[in-house]
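Visitor: Before anything else, here's the structure in question.
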Amino acid sequence: VDEAIKAIDNKLSSRSNQMPDACCEKDKQMIKSCMLNTTSIDQCCPTFRAMIGVNCNCYNYAQDLDNQALIVIESFCDVPNPCNKKAQVM
């Protein structure tokens, strides 16, 4: 699991340098699938951290999709709100 998280983090780092504000359709589908169609939140925590936890647009997408589920995900998977991080930097 740790290797998968590292691989996702590395992929995300390279992706965030290219398009930091975009939440592509593929990411949206993965977020939607994990939020609405999974029986085990543990399996999706790396996805949530890599997409929702670093991309404000993906975070907002997840929030619009199911705000209650996002609240649980933030707590259970330790996913930060990247939109707040940008506000703190300014």
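Ordering of the structure tokens sets the chain letters (A, B, ...), residue numbers begin anew at 1 in every chain, and ligands are numbered from 1 in the order given.
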If you count only C-alpha atoms, which residues fall within 12 Å of Ser75 in chain A, apart from same-chain ones fewer than 6 positions away, as a ChimeraX atom specification?
Guide: /A:41,45,48-49,53,68-69,81
Visitor: Write the selection just made, keeping N, CA and C atoms, as a PDB file, in the first residue's frame?
Guide:
ATOM      1  N   ILE A  41     -13.686   2.228   1.957  1.00  0.00           N
ATOM      2  CA  ILE A  41     -13.053   3.536   1.790  1.00  0.00           C
ATOM      3  C   ILE A  41     -11.533   3.419   1.839  1.00  0.00           C
ATOM      4  N   CYS A  45      -8.430   5.620  -0.303  1.00  0.00           N
ATOM      5  CA  CYS A  45      -7.698   6.697   0.375  1.00  0.00           C
ATOM      6  C   CYS A  45      -6.514   7.225  -0.451  1.00  0.00           C
ATOM      7  N   PHE A  48      -7.952   9.477  -3.077  1.00  0.00           N
ATOM      8  CA  PHE A  48      -8.454  10.721  -2.501  1.00  0.00           C
ATOM      9  C   PHE A  48      -7.316  11.665  -2.140  1.00  0.00           C
ATOM     10  N   ARG A  49      -6.262  11.133  -1.520  1.00  0.00           N
ATOM     11  CA  ARG A  49      -5.133  11.980  -1.135  1.00  0.00           C
ATOM     12  C   ARG A  49      -4.447  12.578  -2.357  1.00  0.00           C
ATOM     13  N   GLY A  53      -6.824  15.810  -2.314  1.00  0.00           N
ATOM     14  CA  GLY A  53      -5.988  16.451  -1.311  1.00  0.00           C
ATOM     15  C   GLY A  53      -5.015  17.485  -1.827  1.00  0.00           C
ATOM     16  N   GLN A  68     -21.292  15.328   2.179  1.00  0.00           N
ATOM     17  CA  GLN A  68     -21.241  14.488   3.381  1.00  0.00           C
ATOM     18  C   GLN A  68     -20.167  13.409   3.250  1.00  0.00           C
ATOM     19  N   ALA A  69     -20.087  12.790   2.097  1.00  0.00           N
ATOM     20  CA  ALA A  69     -19.054  11.770   1.871  1.00  0.00           C
ATOM     21  C   ALA A  69     -17.668  12.395   1.937  1.00  0.00           C
ATOM     22  N   ASN A  81      -7.690  20.000   2.734  1.00  0.00           N
ATOM     23  CA  ASN A  81      -8.409  20.841   1.782  1.00  0.00           C
ATOM     24  C   ASN A  81      -7.379  21.721   1.073  1.00  0.00           C
TER      25      ASN A  81
END
Visitor: What does the structure give for the distance between CA of Pro46 in chain A and CA of Ile71 in chain A, in Å to one decimal?
Guide: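 These two atoms are separated by 16.0 Å.
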Visitor: Fewer than 4 positions away in the same chain doesn't count, so skip those; otherwise give me all residues within 7 Å of Cys56 in chain A, counting only C-alpha atoms, as a compact mmCIF listing (two decimals) with all heavy atoms, in the first residue's frame.
Guide:
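The resulting result22.txt:
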# COMPACT_ATOMS: atom_id res chain seq x y z
N ASP A 21 -4.21 23.41 -11.78
CA ASP A 21 -5.58 23.79 -11.44
C ASP A 21 -6.64 22.92 -12.11
O ASP A 21 -7.82 23.08 -11.83
CB ASP A 21 -5.82 25.25 -11.81
CG ASP A 21 -4.96 26.19 -10.98
OD1 ASP A 21 -4.72 25.86 -9.80
OD2 ASP A 21 -4.53 27.22 -11.51
N ASN A 60 -13.29 20.61 -5.05
CA ASN A 60 -14.61 21.23 -5.26
C ASN A 60 -15.56 20.29 -6.00
O ASN A 60 -16.76 20.25 -5.72
CB ASN A 60 -14.47 22.55 -6.01
CG ASN A 60 -13.86 23.63 -5.14
OD1 ASN A 60 -13.99 23.60 -3.91
ND2 ASN A 60 -13.19 24.57 -5.76
N PRO A 82 -7.06 21.43 -0.19
CA PRO A 82 -6.04 22.21 -0.90
C PRO A 82 -6.48 23.64 -1.18
O PRO A 82 -5.64 24.51 -1.41
CB PRO A 82 -5.83 21.43 -2.19
CG PRO A 82 -7.14 20.74 -2.42
CD PRO A 82 -7.65 20.40 -1.04
N CYS A 83 -7.75 23.90 -1.16
CA CYS A 83 -8.25 25.25 -1.40
C CYS A 83 -7.87 26.16 -0.24
O CYS A 83 -7.55 27.33 -0.45
CB CYS A 83 -9.77 25.24 -1.59
SG CYS A 83 -10.33 24.14 -2.90
Visitor: In Å, rounded to a single decimal, give me how far CA of Ser40 in chain A is from CA of Val54 in chain A.
Guide: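 Separation of CA of Val54 in chain A and CA of Ser40 in chain A: 21.8 Å.
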Visitor: For Asp78 in chain A, which of A:Cys23, A:Cys44, A:Met30, A:Leu36 is the closest residue, counting only C-alpha atoms?
Guide: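 Closest candidate: A:Cys44.
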Visitor: When you draw a straight line from CA of Cys77 in chain A to CA of Asn55 in chain A, how long is it in Å?
Guide: 15.7 Å
Visitor: Met35 in chain A: which residues within 9 Å, counting only C-alpha atoms, same-chain residues fewer than 2 positions away excluded, as number ranges by chain?
Guide: A: 30-33, 37-38, 41, 44, 62, 65-66, 69-70, 73
Visitor: Write out the residues from the selection above, keeping N, CA, C and O atoms, as a compact mmCIF listing (two decimals), in the first residue's frame.
Guide:
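The file below, again_18.txt, is the result:
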# COMPACT_ATOMS: atom_id res chain seq x y z
N MET A 30 -12.59 8.74 -11.47
CA MET A 30 -12.01 7.95 -10.37
C MET A 30 -12.56 8.42 -9.03
O MET A 30 -12.89 7.61 -8.16
N ILE A 31 -12.67 9.72 -8.86
CA ILE A 31 -13.22 10.29 -7.62
C ILE A 31 -14.66 9.85 -7.45
O ILE A 31 -15.06 9.37 -6.38
N LYS A 32 -15.44 9.98 -8.51
CA LYS A 32 -16.86 9.61 -8.46
C LYS A 32 -17.02 8.12 -8.15
O LYS A 32 -17.84 7.75 -7.31
N SER A 33 -16.24 7.30 -8.81
CA SER A 33 -16.32 5.86 -8.59
C SER A 33 -15.98 5.51 -7.14
O SER A 33 -16.69 4.73 -6.49
N ASN A 37 -19.28 4.30 -5.47
CA ASN A 37 -19.42 2.89 -5.84
C ASN A 37 -18.52 1.93 -5.08
O ASN A 37 -18.44 0.77 -5.43
N THR A 38 -17.85 2.39 -4.06
CA THR A 38 -16.93 1.49 -3.35
C THR A 38 -17.51 1.08 -2.01
O THR A 38 -18.25 1.83 -1.39
N ILE A 41 -13.69 2.23 1.96
CA ILE A 41 -13.05 3.54 1.79
C ILE A 41 -11.53 3.42 1.84
O ILE A 41 -10.83 4.19 1.21
N CYS A 44 -9.67 3.44 -1.42
CA CYS A 44 -9.67 4.67 -2.19
C CYS A 44 -8.90 5.81 -1.52
O CYS A 44 -8.73 6.86 -2.14
N ALA A 62 -15.50 17.00 -5.79
CA ALA A 62 -15.93 16.01 -4.79
C ALA A 62 -16.96 16.61 -3.83
O ALA A 62 -17.93 15.96 -3.45
N LEU A 65 -20.21 16.78 -5.60
CA LEU A 65 -20.71 15.43 -5.82
C LEU A 65 -21.42 14.89 -4.58
O LEU A 65 -22.54 14.39 -4.66
N ASP A 66 -20.77 15.00 -3.43
CA ASP A 66 -21.36 14.50 -2.18
C ASP A 66 -20.59 15.09 -1.00
O ASP A 66 -19.58 14.53 -0.56
N ALA A 69 -20.09 12.79 2.10
CA ALA A 69 -19.05 11.77 1.87
C ALA A 69 -17.67 12.40 1.94
O ALA A 69 -16.74 11.80 2.50
N LEU A 70 -17.51 13.60 1.40
CA LEU A 70 -16.22 14.27 1.43
C LEU A 70 -15.78 14.55 2.87
O LEU A 70 -14.61 14.38 3.21
N ILE A 73 -14.44 11.35 4.17
CA ILE A 73 -13.17 11.06 3.50
C ILE A 73 -12.05 11.91 4.09
O ILE A 73 -10.95 11.41 4.36
